[in-house]
Amino acid sequence: MKRRTLLSAPAIVGLASLLPALRARAQTKPNRTRWRVRGSEGADAIAFLGPLSGTQLYLDFYAADAAVFSLRLPAAVRDDVARLWNEATKDGFGLLGPNLQVLFSADGNDATLDTLLTALRSRRTAILPSYRASSYWSDADWAWFERAAPRIEAILVGLRDAGFAAFRKERIGDLERRIAEVGRALAGFDVISWQEKLTGRRFDPEIQIVLLQFAKPHGIKVQGQTFLQSANYDTATTVRIAAHEMLHPPVPMDGPAATAALAAFERDPLVMRIVRDHDPRWGYTTLEGLVNEDLVQALDQLISEALGVARNPADRWRKADDGMHVIAAGLYGLLRQDRWVEQGGSIERWLAEAVRDGRLTPAVFHPVAARVLERPVDALWPVPAAKPSS
């Protein structure tokens, strides 16, 4: 059975006829994207805290690994991983693993468990300067990290002494071969040029990918144009992650365009219900965080389509995070209406104009999202349960 069209039929036909020409035109331009691929023992150790915490999100992928390795850890360390993970979420630091990745991601601090420990012990000179200068800086997060540092050190020492480096090497296999494969496969994908066109911003041409054994289900953006992902993701997934992660934040979240958009969405009862009532394990527990993420998702969907690696948007946003990314679908639909993949320009100016023109009001925004998501306009979220087949 053929899937229903996402927007109007003319819009779909127009895009389908447009993309080959855009790709052909792009191929005549120099490729601005330089891919650098590497591994990281230290980042893998931080990632492995997720499975060791007992959080089901990670046990879905690494339950057997966590069961084997946790027996090697002292009971006090094993128990404190779970406690610290829960405290980080409760105290507002967020997901412990991904946020520690950001803190340790500069200046080679993530190379090994030993370099993590060296940086942690000298954190005010080895970690603080780059973190304070980054877009991730938070006084509250740094204060939490300072308080938790002795416990984090004990956990990292426990992993090192239990032989995590050898355990990871055994699990990940021939990483150097995989690094070379990924680098060759990515060479023809010019993500940076599309990001510059669709945001109106300038990006450094280098994208650095860190391949990890224990990264699932995340693709994690850290300091600089670097992200972490599973070593066994396929090329299309890697391109989609790169198209997404480099865009954070899509606009200055304290600027006038974002402030106006946040005020508009605050008046939308559905959006605020999503922020309030969705499963917190997905993150995005503030309106600002959700709008940041969903504008990026709308843009990365356009880029992935232009590069030929996209998922169907209705399927993507129905399956992701219990279908909560209604804002992403609505923004994507509006950008499609404006032929943004062809036109491009300042996404910050586009967002300000969308607010000014009333396009983010429920009466306008919800029907656009409904057409993209292939859901009734009065049942955008939660996703209606599938009817059992007869």
# chains A, B, ... in the order shown; residues from 1 in each chain; ligands from 1
>>> residues_around(residues="range 179-182 of chain A", least_positions_apart="2", cutoff="10 Å", atoms="only C-alpha atoms", output="list of chain:residue names")
A:Trp35, A:Arg36, A:Val37, A:Arg38, A:Gly39, A:Asp174, A:Leu175, A:Glu176, A:Arg177, A:Arg184, A:Ala185, A:Leu186, A:Ala187, A:Ile209, A:Val210, A:Leu211, A:Ala231, A:Asn232, A:Tyr233, A:Asp234, A:Thr235, A:Thr238
>>> residues_around(residues="range 240-252 of chain A", least_positions_apart="4", cutoff="7 Å", atoms="only C-alpha atoms", output="list of chain:residue names")
A:Val191, A:Gly219, A:Lys221, A:Gln225, A:Phe227, A:Ala236, A:Ala258, A:Asn292, A:Leu295, A:Val296, A:Gln297, A:Asp300, A:Ile303, A:Ser304, A:Glu348
>>> write_last_selection(atoms="C-alpha atoms", output="CSV table (one decimal), in the first residue's frame")
chain,number,residue,atom,x,y,z
A,191,VAL,CA,27.3,17.9,5.1
A,219,GLY,CA,24.7,10.3,18.9
A,221,LYS,CA,27.5,16.3,20.2
A,225,GLN,CA,32.4,20.0,15.7
A,227,PHE,CA,30.3,13.9,17.9
A,236,ALA,CA,23.6,6.7,6.2
A,258,ALA,CA,14.3,32.1,19.8
A,292,ASN,CA,16.4,23.7,20.2
A,295,LEU,CA,14.5,23.0,15.0
A,296,VAL,CA,17.7,21.0,14.5
A,297,GLN,CA,15.7,17.9,13.6
A,300,ASP,CA,18.6,17.8,9.5
A,303,ILE,CA,19.8,17.9,4.7
A,304,SER,CA,19.4,14.1,4.8
A,348,GLU,CA,17.2,32.8,12.6
>>> select_by_dssp(residues="range 31-194 of chain A", states="strand (DSSP E)", output="ChimeraX atom specification")
/A:34-39
>>> residues_around(residues="Leu117 in chain A", least_positions_apart="4", cutoff="12 Å", atoms="only C-alpha atoms", output="list in words")
Gly42, Ala45, Ile46, Phe104, Asn109, Asp110, Ala111, Thr112, Leu113, Arg121, Ser122, Arg123, Ala126, Ile127, Ala149, Pro150, Arg151, Ile152, Glu153, Ala154, Ile155, Leu156, Val157, Gly158, Leu159 and Arg160 of chain A
>>> write_last_selection(atoms="C-alpha atoms", output="tab-separated table (two decimals), in the first residue's frame")
chain	number	residue	atom	x	y	z
A	42	GLY	CA	38.02	7.43	27.76
A	45	ALA	CA	34.43	4.36	29.61
A	46	ILE	CA	32.06	7.26	30.22
A	104	PHE	CA	35.95	15.82	29.03
A	109	ASN	CA	41.23	14.58	27.81
A	110	ASP	CA	39.13	11.65	26.56
A	111	ALA	CA	41.99	9.58	25.07
A	112	THR	CA	42.21	6.96	27.84
A	113	LEU	CA	40.97	6.31	31.34
A	121	ARG	CA	42.25	15.85	39.17
A	122	SER	CA	43.34	19.11	37.50
A	123	ARG	CA	39.86	20.06	36.34
A	126	ALA	CA	42.40	21.05	32.27
A	127	ILE	CA	38.60	21.11	31.86
A	149	ALA	CA	34.21	14.89	41.26
A	150	PRO	CA	35.47	12.67	44.12
A	151	ARG	CA	32.80	10.08	43.38
A	152	ILE	CA	33.46	10.25	39.62
A	153	GLU	CA	37.17	9.71	40.32
A	154	ALA	CA	36.44	6.64	42.42
A	155	ILE	CA	34.24	5.21	39.67
A	156	LEU	CA	36.84	5.82	36.95
A	157	VAL	CA	39.58	4.31	39.08
A	158	GLY	CA	37.32	1.31	39.63
A	159	LEU	CA	36.83	0.87	35.86
A	160	ARG	CA	40.56	1.19	35.22
>>> closest_residue(among="A:Leu59, A:Leu52, A:Ala43, A:Val291", to="Gln213 in chain A", atoms="only C-alpha atoms")
A:Ala43
>>> residues_around(residues="Ala64 in chain A", least_positions_apart="4", cutoff="12 Å", atoms="only C-alpha atoms", output="number ranges by chain")
A: 51-52, 54, 58-60, 68-71, 171
>>> closest_residue(among="A:Val372, A:Val309, A:Ile192, A:Ala165", to="Asp114 in chain A", atoms="only C-alpha atoms")
A:Ala165
>>> closest_atom_pairs(of="range 208-300 of chain A", to="range 359-368 of chain A", cutoff="10 Å", atoms="only C-alpha atoms", output="JSON lines")
{"residue": "A:Ala261", "atom": "CA", "partner": "A:Leu360", "partner_atom": "CA", "distance": 7.6}
{"residue": "A:Leu262", "atom": "CA", "partner": "A:Leu360", "partner_atom": "CA", "distance": 9.9}
{"residue": "A:Ala264", "atom": "CA", "partner": "A:Leu360", "partner_atom": "CA", "distance": 6.5}
{"residue": "A:Phe265", "atom": "CA", "partner": "A:Leu360", "partner_atom": "CA", "distance": 7.1}
{"residue": "A:Arg267", "atom": "CA", "partner": "A:Thr361", "partner_atom": "CA", "distance": 8.1}
{"residue": "A:Asp268", "atom": "CA", "partner": "A:Pro362", "partner_atom": "CA", "distance": 6.2}
{"residue": "A:Pro269", "atom": "CA", "partner": "A:Pro362", "partner_atom": "CA", "distance": 8.6}
{"residue": "A:Leu270", "atom": "CA", "partner": "A:Pro362", "partner_atom": "CA", "distance": 8.5}
{"residue": "A:Val271", "atom": "CA", "partner": "A:Pro362", "partner_atom": "CA", "distance": 9.3}
>>> write_last_selection(atoms="N, CA and C atoms", output="mmCIF file, in the first residue's frame")
data_model
loop_
_atom_site.group_PDB
_atom_site.id
_atom_site.type_symbol
_atom_site.label_atom_id
_atom_site.label_comp_id
_atom_site.auth_asym_id
_atom_site.auth_seq_id
_atom_site.Cartn_x
_atom_site.Cartn_y
_atom_site.Cartn_z
ATOM 1 N N ALA A 261 9.914 32.723 19.538
ATOM 2 C CA ALA A 261 9.360 31.397 19.260
ATOM 3 C C ALA A 261 8.971 30.687 20.547
ATOM 4 N N LEU A 262 9.806 30.793 21.572
ATOM 5 C CA LEU A 262 9.487 30.171 22.851
ATOM 6 C C LEU A 262 8.204 30.759 23.439
ATOM 7 N N ALA A 264 5.754 32.013 21.745
ATOM 8 C CA ALA A 264 4.628 31.504 20.952
ATOM 9 C C ALA A 264 4.270 30.086 21.364
ATOM 10 N N PHE A 265 5.268 29.236 21.518
ATOM 11 C CA PHE A 265 4.987 27.850 21.886
ATOM 12 C C PHE A 265 4.479 27.723 23.321
ATOM 13 N N ARG A 267 2.265 29.433 24.531
ATOM 14 C CA ARG A 267 0.815 29.640 24.452
ATOM 15 C C ARG A 267 0.101 28.472 23.776
ATOM 16 N N ASP A 268 0.853 27.430 23.413
ATOM 17 C CA ASP A 268 0.278 26.265 22.747
ATOM 18 C C ASP A 268 0.063 25.162 23.788
ATOM 19 N N PRO A 269 -1.181 24.869 24.157
ATOM 20 C CA PRO A 269 -1.418 23.855 25.211
ATOM 21 C C PRO A 269 -0.842 22.487 24.867
ATOM 22 N N LEU A 270 -0.892 22.092 23.597
ATOM 23 C CA LEU A 270 -0.357 20.783 23.216
ATOM 24 C C LEU A 270 1.147 20.731 23.446
ATOM 25 N N VAL A 271 1.865 21.748 22.996
ATOM 26 C CA VAL A 271 3.319 21.780 23.164
ATOM 27 C C VAL A 271 3.685 21.728 24.640
#
>>> residues_around(residues="Arg349 in chain A", least_positions_apart="5", cutoff="12 Å", atoms="only C-alpha atoms", output="VMD selection string")
chain A and resid 198 to 201 250 to 252 255 to 258 260 to 261 344 354 to 356
>>> residues_around(residues="Leu335 in chain A", least_positions_apart="6", cutoff="10 Å", atoms="only C-alpha atoms", output="ChimeraX atom specification")
/A:198,298-299,302,329,341,343-344,347,350-351,354
>>> select_by_dssp(residues="range 42-230 of chain A", states="alpha helix (DSSP H)", output="PyMOL selection string")
chain A and resi 42-47+49-52+56-70+75-91+96-103+113-121+123-126+128-133+139-161+164-172+175-186+191-199
>>> closest_residue(among="A:Thr237, A:Ser138, A:Ser230, A:Gln208", to="Phe93 in chain A", atoms="only C-alpha atoms")
A:Ser138
>>> closest_residue(among="A:Ile274, A:Asp279, A:Trp381, A:Arg34", to="Phe203 in chain A", atoms="only C-alpha atoms")
A:Arg34
>>> closest_residue(among="A:Glu266, A:Glu342, A:Asp44, A:Asp322", to="Pro384 in chain A", atoms="only C-alpha atoms")
A:Asp322
>>> closest_residue(among="A:Trp194, A:Phe189, A:Trp142, A:Phe164", to="Leu100 in chain A", atoms="only C-alpha atoms")
A:Trp142
>>> residues_around(residues="range 132-136 of chain A", least_positions_apart="4", cutoff="8 Å", atoms="only C-alpha atoms", output="ChimeraX atom specification")
/A:102,128,223-224
>>> atom_distance(atom1="CA of Gln337 in chain A", atom2="CA of Gln301 in chain A")
14.2 Å
